[in-house]
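Engineer: Contents of start29.cif (mmCIF, C-alpha atoms) are given next:
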data_query
#
loop_
_atom_site.group_PDB
_atom_site.id
_atom_site.type_symbol
_atom_site.label_atom_id
_atom_site.label_comp_id
_atom_site.auth_asym_id
_atom_site.auth_seq_id
_atom_site.Cartn_x
_atom_site.Cartn_y
_atom_site.Cartn_z
ATOM 1 C CA MET A 1 189.620 207.459 95.336
ATOM 2 C CA VAL A 2 190.162 203.786 96.034
ATOM 3 C CA HIS A 3 187.564 202.037 98.132
ATOM 4 C CA TRP A 4 188.704 199.639 100.841
ATOM 5 C CA SER A 5 186.201 197.297 102.421
ATOM 6 C CA ALA A 6 186.353 196.566 106.128
ATOM 7 C CA GLU A 7 187.556 193.063 105.304
ATOM 8 C CA GLU A 8 190.377 194.390 103.104
ATOM 9 C CA LYS A 9 191.507 196.813 105.800
ATOM 10 C CA GLN A 10 191.493 193.969 108.290
ATOM 11 C CA LEU A 11 193.547 191.714 106.006
ATOM 12 C CA ILE A 12 196.086 194.479 105.465
ATOM 13 C CA ALA A 13 196.367 195.371 109.144
ATOM 14 C CA SER A 14 196.583 191.791 110.388
ATOM 15 C CA VAL A 15 199.393 190.894 107.983
ATOM 16 C CA TRP A 16 201.253 194.152 108.560
ATOM 17 C CA ALA A 17 201.143 193.720 112.334
ATOM 18 C CA LYS A 18 203.220 190.556 111.963
ATOM 19 C CA VAL A 19 205.741 191.910 109.456
ATOM 20 C CA ASN A 20 209.309 192.517 110.588
ATOM 21 C CA VAL A 21 209.872 195.653 108.522
ATOM 22 C CA GLU A 22 213.658 195.438 108.582
ATOM 23 C CA GLU A 23 213.866 191.753 107.572
ATOM 24 C CA CYS A 24 211.060 191.859 105.071
ATOM 25 C CA GLY A 25 212.224 195.108 103.486
ATOM 26 C CA ALA A 26 215.773 193.820 103.156
ATOM 27 C CA GLU A 27 214.598 190.582 101.598
ATOM 28 C CA ALA A 28 212.232 192.254 99.145
ATOM 29 C CA LEU A 29 214.870 194.680 97.910
ATOM 30 C CA ALA A 30 217.505 191.938 97.698
ATOM 31 C CA ARG A 31 215.170 189.782 95.623
ATOM 32 C CA LEU A 32 214.420 192.712 93.309
ATOM 33 C CA LEU A 33 218.139 193.114 92.632
ATOM 34 C CA ILE A 34 218.607 189.352 92.205
ATOM 35 C CA VAL A 35 215.545 188.418 90.157
ATOM 36 C CA TYR A 36 215.612 191.573 88.010
ATOM 37 C CA PRO A 37 219.324 192.406 87.864
ATOM 38 C CA TRP A 38 218.810 195.458 85.666
ATOM 39 C CA THR A 39 217.332 197.220 88.704
ATOM 40 C CA GLN A 40 220.867 197.351 90.079
ATOM 41 C CA ARG A 41 221.338 200.358 87.838
ATOM 42 C CA PHE A 42 219.767 202.500 90.528
ATOM 43 C CA PHE A 43 222.249 201.397 93.154
ATOM 44 C CA ASP A 44 225.696 202.009 91.658
ATOM 45 C CA ASN A 45 227.042 203.245 94.974
ATOM 46 C CA PHE A 46 225.897 200.235 96.983
ATOM 47 C CA GLY A 47 229.137 198.335 96.640
ATOM 48 C CA ASN A 48 229.231 194.588 96.075
ATOM 49 C CA LEU A 49 226.151 193.337 94.187
ATOM 50 C CA SER A 50 228.008 190.646 92.297
ATOM 51 C CA SER A 51 226.072 187.580 93.493
ATOM 52 C CA PRO A 52 222.888 186.673 95.375
ATOM 53 C CA THR A 53 224.974 186.034 98.496
ATOM 54 C CA ALA A 54 226.691 189.422 98.164
ATOM 55 C CA ILE A 55 223.382 191.182 97.628
ATOM 56 C CA ILE A 56 221.654 189.504 100.571
ATOM 57 C CA GLY A 57 224.562 190.316 102.881
ATOM 58 C CA ASN A 58 225.064 193.861 101.631
ATOM 59 C CA PRO A 59 224.416 196.298 104.509
ATOM 60 C CA LYS A 60 223.337 199.108 102.178
ATOM 61 C CA VAL A 61 220.758 196.836 100.603
ATOM 62 C CA ARG A 62 219.417 195.905 104.017
ATOM 63 C CA ALA A 63 219.277 199.524 105.175
ATOM 64 C CA HIS A 64 217.588 200.720 102.036
ATOM 65 C CA GLY A 65 215.139 197.825 102.067
ATOM 66 C CA LYS A 66 214.139 198.820 105.588
ATOM 67 C CA LYS A 67 213.674 202.437 104.457
ATOM 68 C CA VAL A 68 211.476 201.429 101.555
ATOM 69 C CA LEU A 69 209.254 199.155 103.589
ATOM 70 C CA THR A 70 208.968 201.713 106.402
ATOM 71 C CA SER A 71 207.644 204.107 103.806
ATOM 72 C CA PHE A 72 205.232 201.413 102.684
ATOM 73 C CA GLY A 73 203.989 201.406 106.264
ATOM 74 C CA ASP A 74 203.159 205.102 105.888
ATOM 75 C CA ALA A 75 201.030 204.217 102.890
ATOM 76 C CA ILE A 76 199.145 201.679 104.972
ATOM 77 C CA LYS A 77 198.460 204.302 107.629
ATOM 78 C CA ASN A 78 197.125 206.667 104.978
ATOM 79 C CA LEU A 79 195.121 204.437 102.687
ATOM 80 C CA ASP A 80 192.440 207.057 102.170
ATOM 81 C CA ASN A 81 194.908 209.764 101.323
ATOM 82 C CA LEU A 82 197.672 208.021 99.406
ATOM 83 C CA LYS A 83 198.257 210.393 96.504
ATOM 84 C CA VAL A 84 198.825 213.305 98.876
ATOM 85 C CA THR A 85 200.915 211.231 101.283
ATOM 86 C CA TYR A 86 203.200 210.104 98.465
ATOM 87 C CA SER A 87 203.229 213.361 96.526
ATOM 88 C CA LYS A 88 206.764 214.412 97.448
ATOM 89 C CA LEU A 89 208.069 210.847 97.194
ATOM 90 C CA SER A 90 206.608 210.581 93.721
ATOM 91 C CA GLU A 91 208.323 213.773 92.611
ATOM 92 C CA LEU A 92 211.572 212.490 94.089
ATOM 93 C CA HIS A 93 211.405 209.199 92.181
ATOM 94 C CA CYS A 94 210.707 211.059 88.949
ATOM 95 C CA ASP A 95 212.907 214.140 89.140
ATOM 96 C CA LYS A 96 215.891 212.993 91.179
ATOM 97 C CA LEU A 97 215.975 209.192 91.098
ATOM 98 C CA HIS A 98 214.661 208.703 87.537
ATOM 99 C CA VAL A 99 213.034 205.382 88.349
ATOM 100 C CA ASP A 100 210.728 203.887 85.717
ATOM 101 C CA PRO A 101 207.394 203.265 87.516
ATOM 102 C CA GLU A 102 207.351 199.733 86.114
ATOM 103 C CA ASN A 103 209.867 198.983 88.863
ATOM 104 C CA PHE A 104 207.265 199.765 91.524
ATOM 105 C CA ARG A 105 205.089 196.993 90.108
ATOM 106 C CA LEU A 106 208.035 194.583 90.145
ATOM 107 C CA LEU A 107 208.866 195.387 93.757
ATOM 108 C CA GLY A 108 205.225 195.073 94.745
ATOM 109 C CA ASP A 109 204.965 191.586 93.245
ATOM 110 C CA ILE A 110 208.193 190.567 94.947
ATOM 111 C CA LEU A 111 206.943 191.827 98.298
ATOM 112 C CA ILE A 112 203.904 189.597 97.869
ATOM 113 C CA ILE A 113 206.109 186.571 97.229
ATOM 114 C CA VAL A 114 208.222 187.387 100.294
ATOM 115 C CA LEU A 115 205.052 187.581 102.393
ATOM 116 C CA ALA A 116 203.833 184.290 100.914
ATOM 117 C CA ALA A 117 207.100 182.516 101.755
ATOM 118 C CA HIS A 118 206.993 183.959 105.255
ATOM 119 C CA PHE A 119 203.364 183.400 106.168
ATOM 120 C CA THR A 120 202.837 180.271 104.012
ATOM 121 C CA LYS A 121 199.317 178.866 104.522
ATOM 122 C CA ASP A 122 198.183 182.002 106.342
ATOM 123 C CA PHE A 123 198.746 183.993 103.167
ATOM 124 C CA THR A 124 195.355 182.976 101.855
ATOM 125 C CA PRO A 125 193.970 183.806 98.411
ATOM 126 C CA ALA A 126 191.879 186.584 100.013
ATOM 127 C CA CYS A 127 195.009 187.946 101.641
ATOM 128 C CA GLN A 128 196.916 187.856 98.385
ATOM 129 C CA ALA A 129 194.107 189.526 96.444
ATOM 130 C CA THR A 130 193.954 192.394 98.959
ATOM 131 C CA TRP A 131 197.692 192.844 99.016
ATOM 132 C CA GLN A 132 197.963 192.735 95.202
ATOM 133 C CA LYS A 133 195.403 195.541 95.192
ATOM 134 C CA LEU A 134 197.420 197.413 97.838
ATOM 135 C CA VAL A 135 200.756 197.196 96.030
ATOM 136 C CA GLY A 136 199.021 198.265 92.826
ATOM 137 C CA VAL A 137 197.535 201.311 94.503
ATOM 138 C CA VAL A 138 200.853 202.218 96.139
ATOM 139 C CA ALA A 139 202.658 201.895 92.813
ATOM 140 C CA HIS A 140 200.037 204.091 91.194
ATOM 141 C CA ALA A 141 200.373 206.765 93.885
ATOM 142 C CA LEU A 142 204.154 206.724 93.513
ATOM 143 C CA ALA A 143 203.826 207.225 89.777
ATOM 144 C CA HIS A 144 201.198 209.926 90.102
ATOM 145 C CA LYS A 145 203.468 212.956 90.015
ATOM 146 C CA TYR A 146 205.523 211.796 87.052
ATOM 147 C CA HIS A 147 205.775 214.197 84.187
ATOM 148 C CA MET B 1 218.234 182.845 79.173
ATOM 149 C CA LEU B 2 218.016 179.805 81.445
ATOM 150 C CA THR B 3 221.393 178.804 82.823
ATOM 151 C CA ALA B 4 222.265 175.224 83.744
ATOM 152 C CA GLU B 5 221.848 176.203 87.381
ATOM 153 C CA ASP B 6 218.397 177.681 86.700
ATOM 154 C CA LYS B 7 217.310 174.463 84.999
ATOM 155 C CA LYS B 8 218.531 172.395 87.929
ATOM 156 C CA LEU B 9 216.677 174.591 90.439
ATOM 157 C CA ILE B 10 213.461 174.489 88.424
ATOM 158 C CA GLN B 11 213.535 170.714 88.178
ATOM 159 C CA GLN B 12 214.274 170.451 91.888
ATOM 160 C CA VAL B 13 211.386 172.728 92.837
ATOM 161 C CA TRP B 14 209.003 170.790 90.635
ATOM 162 C CA GLY B 15 210.235 167.569 92.176
ATOM 163 C CA LYS B 16 209.290 168.887 95.615
ATOM 164 C CA LEU B 17 205.639 169.140 94.623
ATOM 165 C CA GLY B 18 205.448 165.371 94.989
ATOM 166 C CA GLY B 19 202.076 164.573 93.488
ATOM 167 C CA ALA B 20 200.364 167.774 94.619
ATOM 168 C CA GLU B 21 200.308 169.106 91.069
ATOM 169 C CA GLU B 22 196.531 169.182 90.834
ATOM 170 C CA GLU B 23 196.223 171.143 94.059
ATOM 171 C CA VAL B 24 198.949 173.553 92.979
ATOM 172 C CA GLY B 25 197.122 174.139 89.701
ATOM 173 C CA ALA B 26 193.744 174.694 91.330
ATOM 174 C CA ASP B 27 195.222 176.987 93.989
ATOM 175 C CA THR B 28 197.083 179.004 91.357
ATOM 176 C CA LEU B 29 194.001 179.514 89.214
ATOM 177 C CA TRP B 30 191.780 180.350 92.174
ATOM 178 C CA ARG B 31 194.274 182.980 93.386
ATOM 179 C CA MET B 32 194.514 184.399 89.884
ATOM 180 C CA PHE B 33 190.738 184.744 89.499
ATOM 181 C CA HIS B 34 190.511 186.288 92.957
ATOM 182 C CA ALA B 35 193.380 188.776 92.649
ATOM 183 C CA TYR B 36 192.908 189.603 88.953
ATOM 184 C CA PRO B 37 189.175 189.456 88.201
ATOM 185 C CA PRO B 38 189.611 190.372 84.506
ATOM 186 C CA THR B 39 191.224 186.961 83.973
ATOM 187 C CA LYS B 40 187.800 185.426 84.571
ATOM 188 C CA THR B 41 186.645 186.842 81.248
ATOM 189 C CA TYR B 42 188.322 183.907 79.522
ATOM 190 C CA PHE B 43 186.191 181.407 81.413
ATOM 191 C CA PRO B 44 182.543 182.471 81.058
ATOM 192 C CA HIS B 45 181.707 178.805 80.523
ATOM 193 C CA PHE B 46 183.244 177.703 83.822
ATOM 194 C CA ASP B 47 181.841 177.307 87.279
ATOM 195 C CA LEU B 48 184.266 179.660 88.974
ATOM 196 C CA SER B 49 183.230 178.981 92.546
ATOM 197 C CA GLN B 50 185.948 177.874 94.930
ATOM 198 C CA GLY B 51 186.872 174.231 94.587
ATOM 199 C CA SER B 52 184.854 173.758 91.412
ATOM 200 C CA ASP B 53 185.626 170.651 89.370
ATOM 201 C CA GLN B 54 186.343 172.808 86.357
ATOM 202 C CA ILE B 55 188.944 174.874 88.170
ATOM 203 C CA ARG B 56 190.568 171.719 89.509
ATOM 204 C CA GLY B 57 190.505 170.095 86.089
ATOM 205 C CA HIS B 58 191.902 173.090 84.327
ATOM 206 C CA GLY B 59 194.512 173.725 86.990
ATOM 207 C CA LYS B 60 195.676 170.151 86.557
ATOM 208 C CA LYS B 61 195.974 170.687 82.782
ATOM 209 C CA VAL B 62 197.987 173.872 83.194
ATOM 210 C CA VAL B 63 200.376 172.319 85.667
ATOM 211 C CA ALA B 64 200.792 169.214 83.499
ATOM 212 C CA ALA B 65 201.752 171.465 80.582
ATOM 213 C CA LEU B 66 204.286 173.267 82.761
ATOM 214 C CA GLY B 67 205.592 169.874 83.848
ATOM 215 C CA THR B 68 206.110 168.901 80.224
ATOM 216 C CA ALA B 69 207.909 172.165 79.606
ATOM 217 C CA ILE B 70 210.174 171.481 82.576
ATOM 218 C CA LYS B 71 211.098 168.076 81.151
ATOM 219 C CA ASN B 72 212.055 169.831 77.901
ATOM 220 C CA LEU B 73 213.841 172.945 79.070
ATOM 221 C CA ASP B 74 216.355 172.671 76.245
ATOM 222 C CA ASN B 75 213.644 172.717 73.631
ATOM 223 C CA LEU B 76 210.752 174.779 74.968
ATOM 224 C CA SER B 77 209.678 176.050 71.587
ATOM 225 C CA GLN B 78 209.014 172.580 70.272
ATOM 226 C CA ALA B 79 207.604 171.169 73.506
ATOM 227 C CA LEU B 80 205.029 173.967 73.738
ATOM 228 C CA SER B 81 204.373 174.275 70.019
ATOM 229 C CA GLU B 82 200.821 172.884 70.155
ATOM 230 C CA LEU B 83 199.943 175.080 73.130
ATOM 231 C CA SER B 84 201.434 178.046 71.346
ATOM 232 C CA ASN B 85 199.085 177.462 68.414
ATOM 233 C CA LEU B 86 196.137 176.978 70.722
ATOM 234 C CA HIS B 87 196.716 180.212 72.633
ATOM 235 C CA ALA B 88 197.382 182.223 69.510
ATOM 236 C CA TYR B 89 194.652 181.029 67.217
ATOM 237 C CA ASN B 90 191.892 179.561 69.366
ATOM 238 C CA LEU B 91 192.047 180.992 72.847
ATOM 239 C CA ARG B 92 193.533 184.354 71.885
ATOM 240 C CA VAL B 93 194.275 185.130 75.498
ATOM 241 C CA ASP B 94 195.569 188.669 75.737
ATOM 242 C CA PRO B 95 199.196 188.335 74.622
ATOM 243 C CA PRO B 96 200.898 186.168 77.171
ATOM 244 C CA CYS B 97 203.157 188.919 78.302
ATOM 245 C CA PHE B 98 200.146 190.380 80.068
ATOM 246 C CA ALA B 99 197.843 187.539 81.028
ATOM 247 C CA LEU B 100 200.576 185.096 81.823
ATOM 248 C CA GLN B 101 202.253 187.455 84.236
ATOM 249 C CA PHE B 102 199.200 187.121 86.472
ATOM 250 C CA LEU B 103 199.319 183.341 86.236
ATOM 251 C CA ALA B 104 203.082 183.430 86.815
ATOM 252 C CA GLN B 105 202.746 185.656 89.870
ATOM 253 C CA CYS B 106 200.106 183.391 91.401
ATOM 254 C CA LEU B 107 202.118 180.252 90.674
ATOM 255 C CA GLN B 108 205.085 181.837 92.410
ATOM 256 C CA VAL B 109 202.934 182.696 95.416
ATOM 257 C CA VAL B 110 201.616 179.125 95.609
ATOM 258 C CA LEU B 111 205.149 177.713 95.419
ATOM 259 C CA ALA B 112 206.320 180.207 98.063
ATOM 260 C CA VAL B 113 203.424 179.248 100.338
ATOM 261 C CA ARG B 114 204.313 175.560 99.969
ATOM 262 C CA LEU B 115 208.058 175.884 100.229
ATOM 263 C CA GLY B 116 208.434 178.797 102.643
ATOM 264 C CA LYS B 117 212.118 179.454 103.311
ATOM 265 C CA GLU B 118 213.094 176.958 100.606
ATOM 266 C CA TYR B 119 211.715 179.395 98.055
ATOM 267 C CA THR B 120 215.075 181.132 98.022
ATOM 268 C CA PRO B 121 215.942 184.168 95.884
ATOM 269 C CA GLU B 122 217.822 181.841 93.501
ATOM 270 C CA VAL B 123 214.805 179.553 93.078
ATOM 271 C CA HIS B 124 212.498 182.580 92.755
ATOM 272 C CA SER B 125 214.722 183.964 90.024
ATOM 273 C CA ALA B 126 214.882 180.664 88.125
ATOM 274 C CA VAL B 127 211.107 180.160 88.215
ATOM 275 C CA ASP B 128 210.520 183.770 87.157
ATOM 276 C CA LYS B 129 212.829 183.309 84.179
ATOM 277 C CA PHE B 130 211.182 180.000 83.298
ATOM 278 C CA MET B 131 207.688 181.535 83.273
ATOM 279 C CA SER B 132 209.002 184.384 81.095
ATOM 280 C CA ALA B 133 210.411 181.847 78.677
ATOM 281 C CA VAL B 134 207.096 179.959 78.590
ATOM 282 C CA ALA B 135 205.207 183.210 77.959
ATOM 283 C CA ALA B 136 207.594 184.108 75.129
ATOM 284 C CA VAL B 137 207.051 180.736 73.433
ATOM 285 C CA LEU B 138 203.282 180.950 73.819
ATOM 286 C CA ALA B 139 203.353 184.435 72.280
ATOM 287 C CA GLU B 140 205.454 183.362 69.292
ATOM 288 C CA LYS B 141 202.563 182.668 66.979
ATOM 289 C CA TYR B 142 200.358 185.610 67.880
ATOM 290 C CA ARG B 143 201.255 187.635 64.851
#
Mind turning the file's structure into structure tokens?

Structural biologist:
Amino acid sequence: MVHWSAEEKQLIASVWAKVNVEECGAEALARLLIVYPWTQRFFDNFGNLSSPTAIIGNPKVRAHGKKVLTSFGDAIKNLDNLKVTYSKLSELHCDKLHVDPENFRLLGDILIIVLAAHFTKDFTPACQATWQKLVGVVAHALAHKYH
Amino acid sequence: MLTAEDKKLIQQVWGKLGGAEEEVGADTLWRMFHAYPPTKTYFPHFDLSQGSDQIRGHGKKVVAALGTAIKNLDNLSQALSELSNLHAYNLRVDPPCFALQFLAQCLQVVLAVRLGKEYTPEVHSAVDKFMSAVAAVLAEKYR
């Protein structure tokens, strides 16, 4: 089980409290599709993904981004019980969605960059280190049920 | 790989650093050591405390090398040839595709912190591609 210090929990909670889940989720997903265009393969039915502008304005991208980051919020609420919390979601990503877990790492890194651009100086090195650990742990939990 | 538009965006972003290269380098390295402790194993001879002269000095070197690369985007292989040899034969940093991704991630975070909203998805994409290209060149001589 992953150990979280009091300071790490504080850094996670204080950043999360200020995150607009809808905006941040939409931006993170949009950037994933823009910076790593091959990830668009999972979203064939999303309509127009032909340019960064199209992707950013795409309502399905925004909605799905919000969904993903809301789920991330569940992880934060269950830091001491992540593998169980994400058990069904992990099975879903493996059996139904067929997503290579490498993509979880990519999205995690992008989320960090979105937070950095948003919080600028407040996204201190200590903050980043904690959040890199968090996205790594979340990615790991999501990959846990793969077979 | 890098389109004309990418190259333009990269040069623009670098231009916005306006003399803060040393700070960017130091900040990037410090974040990398903090978020990815295994990267410290390549610097047992350094004082790795925050703000150390060695981190500042090395950060400045790294950023200067990236600056050179940016001035030679059409010929990265040649521009980074010496560094490629150094990393492959002397430093033997774990193949750049692994170690450099940590440096690349931290550089991106530092740029995002400095530029905020100006670190648009297009700029993000261009810088990501650039760092991949640099990593590929540095890895060329490994074996």

Engineer: Enter the distance from CA of Pro37 (chain A) to CA of Ala54 (chain A), in Å, rounded to one decimal.

Structural biologist: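 That distance, rounded to one decimal, is 13.0 Å.
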
Engineer: Convert the output of the PyMOL selection byres ((chain B and resi 6) around 10) on the shown file into explicit residues, formatted as a PyMOL selection string.

Structural biologist: chain B and resi 1-5+7-12+122-130

Engineer: Looking at only C-alpha atoms, which of B:Asn90, B:Thr41, B:Gln101, B:Ser81 is the one that sits closest to chain A?

Structural biologist: B:Gln101

Engineer: Sorted by chain and rising residue number, which residues of chain B lie within 9 Å of chain A, and what are their closest atom pairs and distances in Å to one decimal, counting only C-alpha atoms, as a tab-separated table?

Structural biologist:
residue	atom	partner	partner_atom	distance
B:Asp27	CA	A:Pro125	CA	8.2
B:Trp30	CA	A:Pro125	CA	7.5
B:Arg31	CA	A:Pro125	CA	5.1
B:Met32	CA	A:Ala129	CA	8.3
B:His34	CA	A:Ala129	CA	6.0
B:Ala35	CA	A:Ala129	CA	3.9
B:Tyr36	CA	A:Ala129	CA	7.6
B:Gln105	CA	A:Asp109	CA	7.2
B:Cys106	CA	A:Gln128	CA	8.9
B:Gln108	CA	A:Ile113	CA	6.8
B:Val109	CA	A:Ile113	CA	5.3
B:Val110	CA	A:Ala116	CA	7.7
B:Leu111	CA	A:Ala117	CA	8.2
B:Ala112	CA	A:Ala117	CA	4.4
B:Val113	CA	A:Thr120	CA	3.9
B:Arg114	CA	A:Thr120	CA	6.4
B:Leu115	CA	A:Ala117	CA	6.9
B:Gly116	CA	A:Ala117	CA	4.0
B:Lys117	CA	A:Ala117	CA	6.1
B:Glu118	CA	A:Ala117	CA	8.3
B:Tyr119	CA	A:Ala117	CA	6.7
B:Thr120	CA	A:Ala117	CA	8.9
B:Pro121	CA	A:Arg31	CA	5.7
B:Glu122	CA	A:Pro52	CA	7.2
B:His124	CA	A:Val35	CA	7.1
B:Ser125	CA	A:Val35	CA	4.5
B:Ala126	CA	A:Val35	CA	8.0
B:Asp128	CA	A:Val35	CA	7.5
B:Lys129	CA	A:Val35	CA	8.3

Engineer: Which residue out of A:Arg41, A:Lys18, A:Lys66, A:Lys83 has the minimum interatomic distance to His98 (chain A) when only C-alpha atoms are used?

Structural biologist: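 Once distances to His98 (chain A) are computed over only C-alpha atoms, the minimum belongs to A:Arg41.
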
Engineer: Would you kindly translate the PyMOL selection byres ((chain B and resi 141) around 10) into the concrete residues it picks from this file, as a JSON list (two decimals) with C-alpha atoms, keeping the file's coordinate frame?

Structural biologist:
[["chain", "number", "residue", "atom", "x", "y", "z"],
["B", 81, "SER", "CA", 204.37, 174.28, 70.02],
["B", 84, "SER", "CA", 201.43, 178.05, 71.35],
["B", 85, "ASN", "CA", 199.08, 177.46, 68.41],
["B", 86, "LEU", "CA", 196.14, 176.98, 70.72],
["B", 87, "HIS", "CA", 196.72, 180.21, 72.63],
["B", 88, "ALA", "CA", 197.38, 182.22, 69.51],
["B", 89, "TYR", "CA", 194.65, 181.03, 67.22],
["B", 136, "ALA", "CA", 207.59, 184.11, 75.13],
["B", 137, "VAL", "CA", 207.05, 180.74, 73.43],
["B", 138, "LEU", "CA", 203.28, 180.95, 73.82],
["B", 139, "ALA", "CA", 203.35, 184.44, 72.28],
["B", 140, "GLU", "CA", 205.45, 183.36, 69.29],
["B", 142, "TYR", "CA", 200.36, 185.61, 67.88],
["B", 143, "ARG", "CA", 201.26, 187.64, 64.85]]

Engineer: Could you check the closest approach to His93 (chain A) for each of A:Leu142, A:Ile12, A:Leu29, A:Trp4 and tell me which residue wins, using all atoms listed in the file?

Structural biologist: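 Smallest distance to His93 (chain A) is found for A:Leu142.
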
Engineer: Report, in Å to a single decimal, how far apart CA of Ile70 (chain B) and CA of Lys16 (chain B) are.

Structural biologist: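 We find that CA of Lys16 (chain B) and CA of Ile70 (chain B) lie 13.3 Å from each other.
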
Engineer: Quick one: everything within 10 Å of Leu100 (chain B), counting all atoms listed in the file, minus sequence neighbours fewer than 2 positions away in the same chain. Send it as a PyMOL selection string.

Structural biologist: chain B and resi 39+93-98+102-106+131-132+134-136+138-139

Engineer: Those same residues, written as a short mmCIF file (atom, residue, chain, number, x, y, z; two decimals), in the frame of the given file with C-alpha atoms?

Structural biologist:
data_model
loop_
_atom_site.label_atom_id
_atom_site.label_comp_id
_atom_site.auth_asym_id
_atom_site.auth_seq_id
_atom_site.Cartn_x
_atom_site.Cartn_y
_atom_site.Cartn_z
CA THR B 39 191.22 186.96 83.97
CA VAL B 93 194.28 185.13 75.50
CA ASP B 94 195.57 188.67 75.74
CA PRO B 95 199.20 188.34 74.62
CA PRO B 96 200.90 186.17 77.17
CA CYS B 97 203.16 188.92 78.30
CA PHE B 98 200.15 190.38 80.07
CA PHE B 102 199.20 187.12 86.47
CA LEU B 103 199.32 183.34 86.24
CA ALA B 104 203.08 183.43 86.82
CA GLN B 105 202.75 185.66 89.87
CA CYS B 106 200.11 183.39 91.40
CA MET B 131 207.69 181.54 83.27
CA SER B 132 209.00 184.38 81.10
CA VAL B 134 207.10 179.96 78.59
CA ALA B 135 205.21 183.21 77.96
CA ALA B 136 207.59 184.11 75.13
CA LEU B 138 203.28 180.95 73.82
CA ALA B 139 203.35 184.44 72.28
#

Engineer: Any idea what the distance is between CA of Asp44 (chain A) and CA of Val61 (chain A)?

Structural biologist: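 That distance, rounded to one decimal, is 11.5 Å.
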
Engineer: Can you list what the PyMOL selection byres ((chain B and resi 60) around 8) grabs from this structure, as a list of chain:residue names?

Structural biologist: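 For this structure, the PyMOL selection byres ((chain B and resi 60) around 8) captures B:Glu21, B:Glu22, B:Glu23, B:Val24, B:Gly25, B:Ala26, B:Arg56, B:Gly57, B:His58, B:Gly59, B:Lys61, B:Val62, B:Val63, B:Ala64.
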
Engineer: What lies within 9 Å of Gly25 (chain A) using all atoms listed in the file, ignoring chain neighbours under 3 positions off, as a PyMOL selection string?

Structural biologist: chain A and resi 20-22+28-30+62-70+111
